[in-house]
$ cat final-v7.cif   # mmCIF, C-alpha atoms
data_protein
loop_
_atom_site.label_atom_id
_atom_site.label_comp_id
_atom_site.auth_asym_id
_atom_site.auth_seq_id
_atom_site.Cartn_x
_atom_site.Cartn_y
_atom_site.Cartn_z
CA MET Y 1 20.84 9.19 2.36
CA ASN Y 2 20.66 5.43 2.80
CA VAL Y 3 19.33 3.99 -0.45
CA LYS Y 4 17.80 0.95 1.22
CA PHE Y 5 15.83 3.19 3.61
CA ILE Y 6 14.45 5.19 0.71
CA LYS Y 7 12.92 1.95 -0.51
CA ASN Y 8 10.93 1.61 2.70
CA ILE Y 9 7.37 1.82 1.54
CA PHE Y 10 3.89 1.27 2.83
CA LEU Y 11 2.08 -1.14 0.63
CA VAL Y 12 -1.64 -1.43 1.36
CA LEU Y 13 -0.62 -2.22 -1.40
CA SER Y 14 -0.63 0.24 -1.15
CA VAL Y 15 -0.54 -2.25 -4.09
CA VAL Y 16 -2.76 -0.21 -6.47
CA LEU Y 17 -4.90 -2.07 -8.96
CA LEU Y 18 -4.98 0.36 -11.60
CA SER Y 19 -5.21 -1.62 -12.04
CA GLY Y 20 10.04 -17.33 -7.32
CA MET Y 21 12.45 -16.03 -6.28
CA VAL Y 22 15.03 -18.13 -8.05
CA GLY Y 23 17.00 -15.28 -6.48
CA TYR Y 24 16.34 -17.01 -3.19
CA LYS Y 25 17.95 -19.99 -4.88
CA LEU Y 26 16.66 -22.80 -2.77
CA GLY Y 27 18.98 -22.26 0.08
CA THR Y 28 21.09 -19.17 -0.64
CA ARG Y 29 22.72 -19.13 2.73
CA GLU Y 30 19.39 -18.92 4.55
CA VAL Y 31 18.84 -22.55 5.52
CA LYS Y 32 20.92 -25.65 5.94
CA ILE Y 33 19.39 -28.38 3.82
CA SER Y 34 19.33 -31.98 4.98
CA TRP Y 35 18.78 -34.14 1.90
CA GLN Y 36 18.59 -37.44 3.80
CA LYS Y 37 20.02 -39.30 0.80
CA TYR Y 38 17.12 -38.09 -1.37
CA VAL Y 39 18.06 -37.25 -4.95
CA PRO Y 40 15.42 -35.10 -6.73
CA ASN Y 41 14.68 -35.83 -10.36
CA VAL Y 42 15.74 -32.35 -11.43
CA GLU Y 43 18.98 -30.46 -11.80
CA VAL Y 44 19.29 -27.99 -8.93
CA ILE Y 45 21.71 -25.07 -9.09
CA ASN Y 46 22.82 -22.61 -6.43
CA ARG Y 47 21.91 -24.80 -3.49
CA LEU Y 48 24.72 -23.89 -1.10
CA ALA Y 49 23.36 -23.92 2.44
CA PRO Y 50 24.34 -21.78 5.40
CA VAL Y 51 25.48 -23.16 8.69
CA ASN Y 52 23.59 -23.54 11.97
CA LYS Y 53 20.08 -23.59 10.47
CA PRO Y 54 19.18 -27.20 9.65
CA VAL Y 55 16.04 -27.71 7.57
CA ASP Y 56 14.96 -31.00 6.03
CA PHE Y 57 13.97 -30.48 2.38
CA SER Y 58 13.48 -34.15 1.56
CA LEU Y 59 9.67 -33.84 1.70
CA PHE Y 60 9.77 -30.89 -0.67
CA TRP Y 61 11.74 -32.85 -3.25
CA SER Y 62 9.63 -35.95 -2.73
CA VAL Y 63 6.50 -33.97 -3.61
CA TRP Y 64 8.31 -32.28 -6.49
CA ASP Y 65 9.25 -35.65 -7.99
CA GLU Y 66 5.80 -37.14 -7.45
CA VAL Y 67 4.18 -34.21 -9.24
CA HIS Y 68 6.57 -34.36 -12.17
CA THR Y 69 6.21 -38.13 -12.43
CA LYS Y 70 2.49 -38.64 -11.98
CA TYR Y 71 0.63 -35.41 -12.84
CA VAL Y 72 -1.52 -36.19 -15.84
CA ASP Y 73 -1.03 -32.99 -17.88
CA LYS Y 74 2.70 -32.43 -18.21
CA THR Y 75 2.10 -29.19 -20.15
CA LYS Y 76 1.01 -27.58 -16.86
CA LEU Y 77 4.33 -28.27 -15.16
CA ASP Y 78 6.22 -25.02 -15.66
CA THR Y 79 9.30 -25.44 -13.45
CA GLN Y 80 9.83 -21.72 -12.99
CA LYS Y 81 6.20 -21.17 -11.94
CA LEU Y 82 6.43 -24.04 -9.47
CA VAL Y 83 9.54 -22.52 -7.88
CA TYR Y 84 7.88 -19.09 -7.67
CA GLY Y 85 4.79 -20.72 -6.20
CA ALA Y 86 6.85 -22.53 -3.57
CA ILE Y 87 8.54 -19.28 -2.53
CA SER Y 88 5.22 -17.43 -2.45
CA GLY Y 89 3.83 -20.13 -0.20
CA MET Y 90 6.82 -19.89 2.12
CA VAL Y 91 6.44 -16.12 2.49
CA SER Y 92 2.65 -16.21 2.86
CA ALA Y 93 3.01 -18.83 5.62
CA ILE Y 94 4.30 -16.02 7.84
CA GLY Y 95 0.74 -14.73 7.99
CA ASP Y 96 1.55 -11.08 7.25
CA PRO Y 97 -0.46 -9.88 4.22
CA TYR Y 98 2.10 -7.16 3.51
CA THR Y 99 5.15 -9.43 3.39
CA LEU Y 100 5.03 -10.56 -0.21
CA PHE Y 101 7.10 -12.36 -2.82
CA LEU Y 102 6.49 -10.82 -6.24
CA PRO Y 103 7.31 -12.77 -9.41
CA PRO Y 104 8.81 -10.59 -12.17
CA THR Y 105 5.53 -9.50 -13.75
CA GLN Y 106 3.95 -8.48 -10.43
CA ASN Y 107 7.15 -6.77 -9.30
CA ARG Y 108 7.21 -4.71 -12.48
CA GLU Y 109 3.54 -3.76 -12.06
CA SER Y 110 4.15 -2.68 -8.47
CA LYS Y 111 6.92 -0.35 -9.63
CA GLU Y 112 4.74 1.01 -12.42
CA GLU Y 113 2.11 1.98 -9.87
CA LEU Y 114 4.62 3.99 -7.85
CA ASN Y 115 5.89 5.59 -11.05
CA GLY Y 116 2.35 6.82 -11.70
CA SER Y 117 1.08 5.19 -14.92
CA PHE Y 118 -0.26 1.74 -15.84
CA ASP Y 119 -3.30 -0.14 -17.10
CA GLY Y 120 -5.98 -1.35 -14.72
CA ILE Y 121 -9.23 -0.40 -13.02
CA GLY Y 122 -7.98 2.24 -10.57
CA ALA Y 123 -8.63 0.79 -7.13
CA GLN Y 124 -6.33 0.31 -4.17
CA LEU Y 125 -6.64 -2.98 -2.34
CA GLY Y 126 -5.63 -4.07 1.11
CA VAL Y 127 -6.20 -6.96 3.48
CA LYS Y 128 -8.39 -6.74 6.55
CA ASP Y 129 -9.52 -9.65 8.72
CA LYS Y 130 -7.76 -11.93 6.19
CA ARG Y 131 -10.06 -10.74 3.42
CA ILE Y 132 -9.45 -8.58 0.36
CA ILE Y 133 -10.88 -5.10 0.79
CA VAL Y 134 -11.00 -1.97 -1.33
CA ILE Y 135 -9.07 0.75 0.44
CA ALA Y 136 -10.26 3.27 -2.11
CA PRO Y 137 -11.16 3.68 -5.77
CA LEU Y 138 -9.10 6.40 -7.41
CA LEU Y 139 -10.79 9.64 -8.38
CA ASP Y 140 -12.42 9.43 -11.83
CA SER Y 141 -11.07 5.90 -12.32
CA PRO Y 142 -12.95 3.10 -14.12
CA ALA Y 143 -13.51 1.47 -10.71
CA GLU Y 144 -15.09 4.59 -9.21
CA LYS Y 145 -17.27 5.22 -12.27
CA ALA Y 146 -18.47 1.60 -12.22
CA GLY Y 147 -19.56 1.84 -8.58
CA ILE Y 148 -16.64 0.39 -6.59
CA LYS Y 149 -16.56 2.00 -3.12
CA THR Y 150 -14.21 2.33 -0.18
CA SER Y 151 -14.55 -0.65 2.22
CA ASP Y 152 -16.02 -2.97 -0.43
CA TRP Y 153 -15.13 -6.60 0.24
CA VAL Y 154 -13.92 -8.26 -2.99
CA ILE Y 155 -15.68 -11.63 -2.90
CA LYS Y 156 -14.99 -12.87 -6.44
CA VAL Y 157 -13.04 -11.89 -9.54
CA ASP Y 158 -14.54 -13.13 -12.83
CA GLY Y 159 -16.60 -15.60 -10.83
CA LYS Y 160 -13.65 -17.08 -8.91
CA ASP Y 161 -13.69 -16.93 -5.11
CA THR Y 162 -10.94 -14.78 -3.54
CA ALA Y 163 -11.18 -16.38 -0.08
CA THR Y 164 -7.80 -18.11 -0.38
CA TRP Y 165 -6.07 -15.53 -2.57
CA THR Y 166 -3.17 -13.37 -1.49
CA LEU Y 167 -3.05 -9.68 -2.26
CA PRO Y 168 -0.65 -10.11 -5.23
CA GLU Y 169 -2.83 -12.90 -6.66
CA THR Y 170 -5.87 -10.66 -6.52
CA VAL Y 171 -3.99 -7.78 -8.12
CA ALA Y 172 -2.76 -10.02 -10.94
CA LYS Y 173 -6.28 -11.27 -11.67
CA ILE Y 174 -7.83 -7.80 -11.76
CA ARG Y 175 -5.18 -5.98 -13.74
CA GLY Y 176 -5.13 -6.24 -17.53
CA PRO Y 177 -4.77 -4.37 -20.81
CA LYS Y 178 -6.73 -1.24 -21.61
CA GLY Y 179 -10.12 -1.99 -23.17
CA THR Y 180 -10.58 -5.40 -21.58
CA SER Y 181 -13.12 -5.98 -18.81
CA VAL Y 182 -13.21 -7.70 -15.45
CA VAL Y 183 -16.19 -8.63 -13.27
CA LEU Y 184 -15.85 -8.03 -9.53
CA THR Y 185 -18.33 -9.45 -7.06
CA VAL Y 186 -18.25 -7.08 -4.10
CA LEU Y 187 -20.10 -6.68 -0.84
CA HIS Y 188 -20.72 -3.02 -0.10
CA ALA Y 189 -20.44 -1.91 3.53
CA GLY Y 190 -23.79 -2.49 5.24
CA ALA Y 191 -25.23 -4.48 2.33
CA ASP Y 192 -26.93 -7.87 2.76
CA LYS Y 193 -26.07 -9.28 -0.67
CA PRO Y 194 -23.03 -9.01 -2.93
CA THR Y 195 -23.15 -7.08 -6.20
CA GLU Y 196 -21.57 -7.93 -9.53
CA ILE Y 197 -19.82 -4.99 -11.18
CA THR Y 198 -18.29 -5.09 -14.67
CA ILE Y 199 -15.35 -2.73 -15.12
CA VAL Y 200 -13.57 -1.86 -18.37
CA ARG Y 201 -9.87 -1.39 -17.76
CA ASN Y 202 -8.09 1.76 -18.89
CA THR Y 203 -4.69 3.43 -18.72
CA ILE Y 204 -4.44 5.18 -15.38
CA VAL Y 205 -2.20 8.21 -15.06
CA LEU Y 206 -1.87 9.12 -11.41
CA LYS Y 207 -1.59 12.72 -10.36
CA SER Y 208 -0.56 12.88 -6.73
CA VAL Y 209 -1.38 16.51 -5.94
CA GLU Y 210 -4.18 18.85 -7.00
CA TRP Y 211 -5.54 22.10 -5.63
CA LYS Y 212 -8.23 24.71 -6.17
CA ILE Y 213 -9.99 27.53 -4.36
CA ALA Y 214 -13.17 26.18 -2.74
CA SER Y 215 -15.53 28.46 -0.83
CA GLY Y 216 -12.73 30.84 0.04
CA ALA Y 217 -10.26 28.14 1.15
CA ALA Y 218 -7.28 26.54 -0.56
CA TYR Y 219 -8.40 22.95 -1.11
CA LEU Y 220 -5.33 20.71 -1.44
CA ARG Y 221 -5.82 17.06 -2.35
CA LEU Y 222 -2.93 14.64 -1.80
CA SER Y 223 -3.86 11.23 -3.18
CA ARG Y 224 -0.65 9.22 -2.78
CA PHE Y 225 3.08 9.25 -1.98
CA GLY Y 226 4.83 8.01 -5.12
CA ASP Y 227 7.98 8.66 -7.11
CA LYS Y 228 6.70 11.92 -8.59
CA THR Y 229 4.83 13.26 -5.58
CA ASP Y 230 7.52 15.58 -4.18
CA PRO Y 231 8.06 17.70 -7.32
CA GLN Y 232 4.30 17.87 -7.92
CA TRP Y 233 3.87 18.95 -4.30
CA ASP Y 234 6.50 21.69 -4.57
CA LYS Y 235 4.84 23.17 -7.65
CA VAL Y 236 1.38 23.20 -6.09
CA VAL Y 237 2.57 24.60 -2.75
CA SER Y 238 4.37 27.44 -4.53
CA GLU Y 239 1.08 28.36 -6.17
CA ILE Y 240 -0.86 28.09 -2.91
CA SER Y 241 1.64 30.16 -0.95
CA GLN Y 242 1.03 33.05 -3.33
CA ALA Y 243 -2.74 32.81 -3.03
CA VAL Y 244 -3.25 31.75 0.58
CA ALA Y 245 -3.27 35.29 1.99
CA THR Y 246 -6.65 35.85 0.34
CA THR Y 247 -8.15 32.61 1.73
CA SER Y 248 -9.37 31.38 5.11
CA GLY Y 249 -6.62 28.72 5.11
CA VAL Y 250 -5.82 25.26 3.74
CA ILE Y 251 -7.92 22.10 3.70
CA LEU Y 252 -5.62 19.10 3.21
CA ASP Y 253 -7.66 16.21 1.82
CA LEU Y 254 -6.06 12.84 2.58
CA ARG Y 255 -9.20 10.81 1.98
CA ASN Y 256 -8.54 7.63 0.00
CA ASN Y 257 -4.78 8.20 0.22
CA PRO Y 258 -3.37 4.66 0.56
CA GLY Y 259 0.16 5.74 1.38
CA GLY Y 260 3.43 5.06 -0.42
CA TYR Y 261 6.90 6.20 0.60
CA LEU Y 262 7.50 6.97 4.27
CA LEU Y 263 9.88 9.78 3.37
CA GLY Y 264 7.08 11.33 1.32
CA ALA Y 265 5.06 11.80 4.52
CA VAL Y 266 8.10 13.36 6.22
CA TYR Y 267 8.63 15.71 3.27
CA THR Y 268 5.03 16.91 3.07
CA GLY Y 269 4.70 17.12 6.85
CA SER Y 270 7.69 19.47 6.88
CA GLU Y 271 5.59 21.93 4.87
CA PHE Y 272 3.34 22.56 7.87
CA LEU Y 273 5.40 21.78 10.98
CA PRO Y 274 8.35 23.77 12.37
CA ALA Y 275 11.70 22.13 12.99
CA SER Y 276 12.56 21.08 16.52
CA PRO Y 277 14.42 23.73 18.51
CA ALA Y 278 17.76 22.71 20.00
CA GLY Y 279 17.11 20.09 22.66
CA GLY Y 280 13.35 20.15 22.07
CA SER Y 281 11.02 17.29 21.22
CA SER Y 282 8.75 19.01 18.70
CA GLY Y 283 9.20 18.54 14.97
CA VAL Y 284 8.97 14.73 15.08
CA ILE Y 285 6.74 13.46 12.30
CA VAL Y 286 7.03 9.70 12.75
CA LYS Y 287 9.02 7.09 14.66
CA GLN Y 288 10.13 3.78 13.22
CA GLN Y 289 10.73 0.72 15.38
CA SER Y 290 12.80 -1.78 13.42
CA TYR Y 291 13.04 -5.56 13.71
CA THR Y 292 16.10 -5.04 15.94
CA GLY Y 293 14.03 -3.03 18.43
CA GLU Y 294 15.81 0.21 17.56
CA ILE Y 295 13.56 3.28 17.44
CA ILE Y 296 14.48 6.08 15.04
CA SER Y 297 12.67 9.42 14.95
CA TYR Y 298 12.14 11.20 11.64
CA SER Y 299 11.66 14.92 12.07
CA VAL Y 300 11.00 17.99 9.96
CA ASN Y 301 13.78 18.09 7.38
CA ARG Y 302 13.30 21.45 5.68
CA SER Y 303 11.74 24.88 6.03
CA GLY Y 304 8.09 24.77 4.96
CA LYS Y 305 6.11 27.47 3.19
CA LEU Y 306 2.80 26.92 5.04
CA LEU Y 307 3.94 26.85 8.67
CA THR Y 308 1.41 29.32 10.06
CA VAL Y 309 -1.51 28.97 7.66
CA PRO Y 310 -4.75 27.80 9.37
CA MET Y 311 -5.58 24.29 8.24
CA VAL Y 312 -7.92 21.31 8.56
CA VAL Y 313 -7.23 17.71 7.48
CA LEU Y 314 -9.81 15.39 5.93
CA VAL Y 315 -9.55 11.59 6.40
CA ASN Y 316 -11.68 8.49 5.83
CA GLN Y 317 -11.45 4.68 5.82
CA GLY Y 318 -9.26 4.88 2.72
CA THR Y 319 -6.59 6.96 4.46
CA ALA Y 320 -3.79 4.49 5.16
CA SER Y 321 -0.11 4.11 6.11
CA ALA Y 322 1.80 7.22 4.97
CA GLY Y 323 -1.51 9.09 4.74
CA GLU Y 324 -2.15 8.22 8.38
CA ILE Y 325 1.37 9.29 9.33
CA LEU Y 326 0.86 12.76 7.89
CA ALA Y 327 -2.60 13.22 9.40
CA GLY Y 328 -1.44 11.84 12.74
CA ALA Y 329 1.65 14.08 12.86
CA LEU Y 330 -0.46 17.19 12.29
CA GLN Y 331 -3.05 16.05 14.84
CA VAL Y 332 -0.57 15.19 17.60
CA ALA Y 333 1.26 18.49 17.10
CA LYS Y 334 -2.13 20.28 17.32
CA ARG Y 335 -1.30 21.90 14.02
CA ALA Y 336 -4.65 20.95 12.49
CA LYS Y 337 -8.05 19.51 13.35
CA VAL Y 338 -8.71 16.17 11.69
CA VAL Y 339 -12.22 15.78 10.26
CA GLY Y 340 -13.90 12.64 8.89
CA VAL Y 341 -14.09 9.00 10.00
CA GLN Y 342 -11.71 6.41 11.41
CA THR Y 343 -8.78 5.68 9.11
CA PHE Y 344 -7.66 2.28 7.78
CA GLY Y 345 -5.07 1.41 10.42
CA LYS Y 346 -1.89 0.22 8.73
CA GLY Y 347 1.09 0.68 11.01
CA SER Y 348 3.80 -1.43 9.42
CA VAL Y 349 6.75 -0.60 7.18
CA GLN Y 350 7.78 -2.68 4.19
CA GLU Y 351 11.19 -2.73 2.56
CA ALA Y 352 11.16 -3.39 -1.18
CA GLU Y 353 14.04 -5.50 -2.45
CA ASP Y 354 14.81 -6.43 -6.04
CA LEU Y 355 15.83 -10.06 -6.53
CA SER Y 356 17.30 -11.92 -9.47
CA ASN Y 357 15.32 -12.50 -12.67
CA GLY Y 358 13.25 -9.36 -12.00
CA ALA Y 359 11.44 -10.77 -8.97
CA GLY Y 360 10.95 -8.77 -5.80
CA LEU Y 361 10.32 -9.08 -2.09
CA HIS Y 362 8.30 -6.73 0.09
CA ILE Y 363 9.13 -7.62 3.68
CA THR Y 364 7.77 -6.05 6.83
CA THR Y 365 10.85 -4.78 8.64
CA ALA Y 366 9.40 -2.31 11.12
CA LYS Y 367 6.34 -0.68 12.56
CA TRP Y 368 5.77 3.05 12.67
CA LEU Y 369 4.58 5.08 15.63
CA LEU Y 370 3.12 8.54 15.93
CA SER Y 371 5.32 11.10 17.68
CA ASN Y 372 3.45 10.34 20.93
CA ASP Y 373 4.43 6.64 20.56
CA MET Y 374 0.91 5.54 19.60
CA TRP Y 375 0.71 2.54 17.24
CA ILE Y 376 -2.53 2.64 15.27
CA SER Y 377 -2.21 -0.67 13.43
CA GLY Y 378 -5.61 -2.33 13.14
CA THR Y 379 -7.46 0.53 14.81
CA GLY Y 380 -6.69 3.58 12.71
CA LEU Y 381 -6.53 7.26 13.54
CA THR Y 382 -9.50 8.80 15.35
CA PRO Y 383 -10.54 12.17 13.90
CA ASP Y 384 -11.09 15.17 16.16
CA ILE Y 385 -14.48 15.70 14.53
CA LYS Y 386 -16.33 12.63 13.33
CA ILE Y 387 -18.68 13.05 10.38
CA GLU Y 388 -19.76 10.71 7.61
CA ASN Y 389 -20.92 11.57 4.14
CA ASP Y 390 -24.51 10.65 3.36
CA GLU Y 391 -24.98 8.32 0.39
CA LYS Y 392 -28.53 9.64 0.11
CA GLN Y 393 -27.03 13.05 -0.65
CA PRO Y 394 -24.41 12.17 -3.30
CA ASP Y 395 -24.14 15.76 -4.49
CA ARG Y 396 -23.00 17.00 -1.09
CA ASP Y 397 -19.64 16.50 0.58
CA LEU Y 398 -20.61 16.83 4.23
CA GLN Y 399 -17.06 16.24 5.41
CA LEU Y 400 -15.70 19.04 3.24
CA GLU Y 401 -18.51 21.32 4.36
CA LYS Y 402 -17.60 20.62 7.99
CA ALA Y 403 -13.92 21.28 7.29
CA LEU Y 404 -14.78 24.66 5.75
CA GLU Y 405 -16.88 25.46 8.80
CA VAL Y 406 -14.06 24.53 11.20
CA LEU Y 407 -11.56 26.54 9.17
CA LYS Y 408 -13.67 29.68 9.37
CA GLU Y 409 -13.76 29.34 13.16
CA LYS Y 410 -9.96 29.51 13.41
#
$ encode --input "final-v7.cif" --output "structure tokens"
Amino acid sequence: MNVKFIKNIFLVLSVVLLSGMVGYKLGTREVKISWQKYVPNVEVINRLAPVNKPVDFSLFWSVWDEVHTKYVDKTKLDTQKLVYGAISGMVSAIGDPYTLFLPPTQNRESKEELNGSFDGIGAQLGVKDKRIIVIAPLLDSPAEKAGIKTSDWVIKVDGKDTATWTLPETVAKIRGPKGTSVVLTVLHAGADKPTEITIVRNTIVLKSVEWKIASGAAYLRLSRFGDKTDPQWDKVVSEISQAVATTSGVILDLRNNPGGYLLGAVYTGSEFLPASPAGGSSGVIVKQQSYTGEIISYSVNRSGKLLTVPMVVLVNQGTASAGEILAGALQVAKRAKVVGVQTFGKGSVQEAEDLSNGAGLHITTAKWLLSNDMWISGTGLTPDIKIENDEKQPDRDLQLEKALEVLKEK
């Protein structure tokens, strides 16, 4: 299997808050630099330029020299940070919140999240309408216990306005060691005024898959698609397959699932969908349209254990990227009814690349389509049965109750 493809991930961040690029090397065969006889007051290494792409860097070096010459507090002039900042600015100028340059510390934290354990508050962030938004607090996380909710706008962090911050900047400000606290100023959905919430950070250990018997059904919660999701999934499904005969079916809960690896959605989808017969078109879970325009279909890749079990899927505003792929694949194939509210609407694919010095680059290389060629970016997946939970009835899960009702009708 192509290793680079395996690194294709959906970061809403999917950067989770549980919370440069010297490797780019100022011209590593990406741009042709025209110095216009300008000599910067700094030793520059690895500045070979490619051909046929002229770019004038004289202004960059002019500003660089002015800053180093005239800035009053020379202790603030960390050359490495300035280079990382310049690269971050270049990447953010594209205008895609999911194409990110990650300095070494942020790159390491991103990998830790996918590995399933790190310190932070336990909330997944995304970008919507150029603003930082909470995709979902994690179950039983410090964020959830403190009152952070799905669709909260993050207005300030420790009193500092986030209006001009990128996603990685926000993540870096909110994350921190266990036992320390951070104050988020958030605007709850439908609220008139923002609310200040103090959260004590903790070590977050992510468990991707959980299940239990609920009102005669097998309730299966899939919270993310990370490095350890597939083996956890296999263990849980083996248990369910032995018990499902005595139940009314399976409720797959994808609420507040922010996504992760694309292949994770293909793997889990293969548990419920049959492979395509010879020459047929069924069995397609997702299509990927790359930056070259090529469209590749990813279909069922194994024999599932729950192919004929009645099922219902739960979604909400926190269901994003790979979570939307799985829900959408089951909906389009008419394998399951989808119950809940409109999903987040992230339809792009990011490729994660490791750079020199531990830095990283997440670059949007493709968009994904449902098997019926629908692209849900910005709009989200529409459930078959729309129902919202009632905040005035916090002890009741109306969406789960509806799913149980639908399942019994099958």
$ resolve_selection --input "final-v7.cif" --expression "the PyMOL selection byres ((chain Y and resi 209) around 9)" --output "PyMOL selection string"
chain Y and resi 207-208+210-211+220-224+229+232-233+236
$ residues_around --input "final-v7.cif" --residues "Y:Leu398" --least-positions-apart "2" --cutoff "8 Å" --atoms "all atoms listed in the file" --output "PyMOL selection string"
chain Y and resi 387-390+396+400-402
$ atom_distance --input "final-v7.cif" --atom1 "atom CA of Y:Lys149" --atom2 "atom CA of Y:Ile199"
13.0 Å
$ resolve_selection --input "final-v7.cif" --expression "the PyMOL selection byres ((chain Y and resi 362-365) around 6)" --output "list in words"
Thr99, Leu100, Ser290, Tyr291, Val349, Gln350, Glu351, Ala352, Leu361 and Ala366 of chain Y
$ residues_around --input "final-v7.cif" --residues "stretch 246-258 of chain Y" --least-positions-apart "5" --cutoff "9 Å" --atoms "only C-alpha atoms" --output "count of residues only"
56
$ atom_distance --input "final-v7.cif" --atom1 "atom CA of Y:Val205" --atom2 "atom CA of Y:Lys178"
12.4 Å
$ residues_near_point --input "final-v7.cif" --point "(-8.4, -10.1, 4.6)" --cutoff "10 Å" --atoms "all atoms listed in the file" --output "list in words"
Pro97, Gly126, Val127, Lys128, Asp129, Lys130, Arg131, Ile132, Ile133, Trp153, Val154, Thr162, Ala163, Thr164, Trp165, Thr166 and Leu167 of chain Y
$ atom_distance --input "final-v7.cif" --atom1 "atom CA of Y:Gly264" --atom2 "atom CA of Y:Ser151"
24.7 Å
$ axis_aligned_box --input "final-v7.cif" --around "stretch 371-381 of chain Y" --padding-each-side "4 Å" --output "AutoDock Vina command-line options"
--center_x -1.1 --center_y 4.4 --center_z 16.8 --size_x 20.8 --size_y 21.4 --size_z 16.2
$ resolve_selection --input "final-v7.cif" --expression "the PyMOL selection byres ((chain Y and resi 185) around 7)" --output "VMD selection string"
chain Y and resid 154 to 157 183 to 184 186 194 to 197
$ closest_residue --input "final-v7.cif" --among "Y:Ser303, Y:Thr105, Y:Gln342, Y:Ser297" --to "Y:Leu369" --atoms "all atoms listed in the file"
Y:Ser297
$ closest_residue --input "final-v7.cif" --among "Y:Asp161, Y:Glu109, Y:Asp384, Y:Asp65" --to "Y:Ala336" --atoms "all atoms listed in the file"
Y:Asp384
$ closest_residue --input "final-v7.cif" --among "Y:Gly159, Y:Lys337, Y:Asn372, Y:Gly304" --to "Y:Glu409" --atoms "only C-alpha atoms"
Y:Lys337
$ closest_residue --input "final-v7.cif" --among "Y:Lys173, Y:Leu102, Y:Asp119, Y:Glu66" --to "Y:Gly85" --atoms "only C-alpha atoms"
Y:Leu102
$ closest_residue --input "final-v7.cif" --among "Y:Ser371, Y:Gln393, Y:Ser58, Y:Gln80" --to "Y:Val286" --atoms "only C-alpha atoms"
Y:Ser371
$ closest_residue --input "final-v7.cif" --among "Y:Glu112, Y:Glu239, Y:Asp56, Y:Asp395" --to "Y:Lys212" --atoms "all atoms listed in the file"
Y:Glu239
$ residues_around --input "final-v7.cif" --residues "Y:Lys81" --least-positions-apart "4" --cutoff "9 Å" --atoms "only C-alpha atoms" --output "list in words"
Gly20, Leu77, Gly85, Ala86 and Pro103 of chain Y
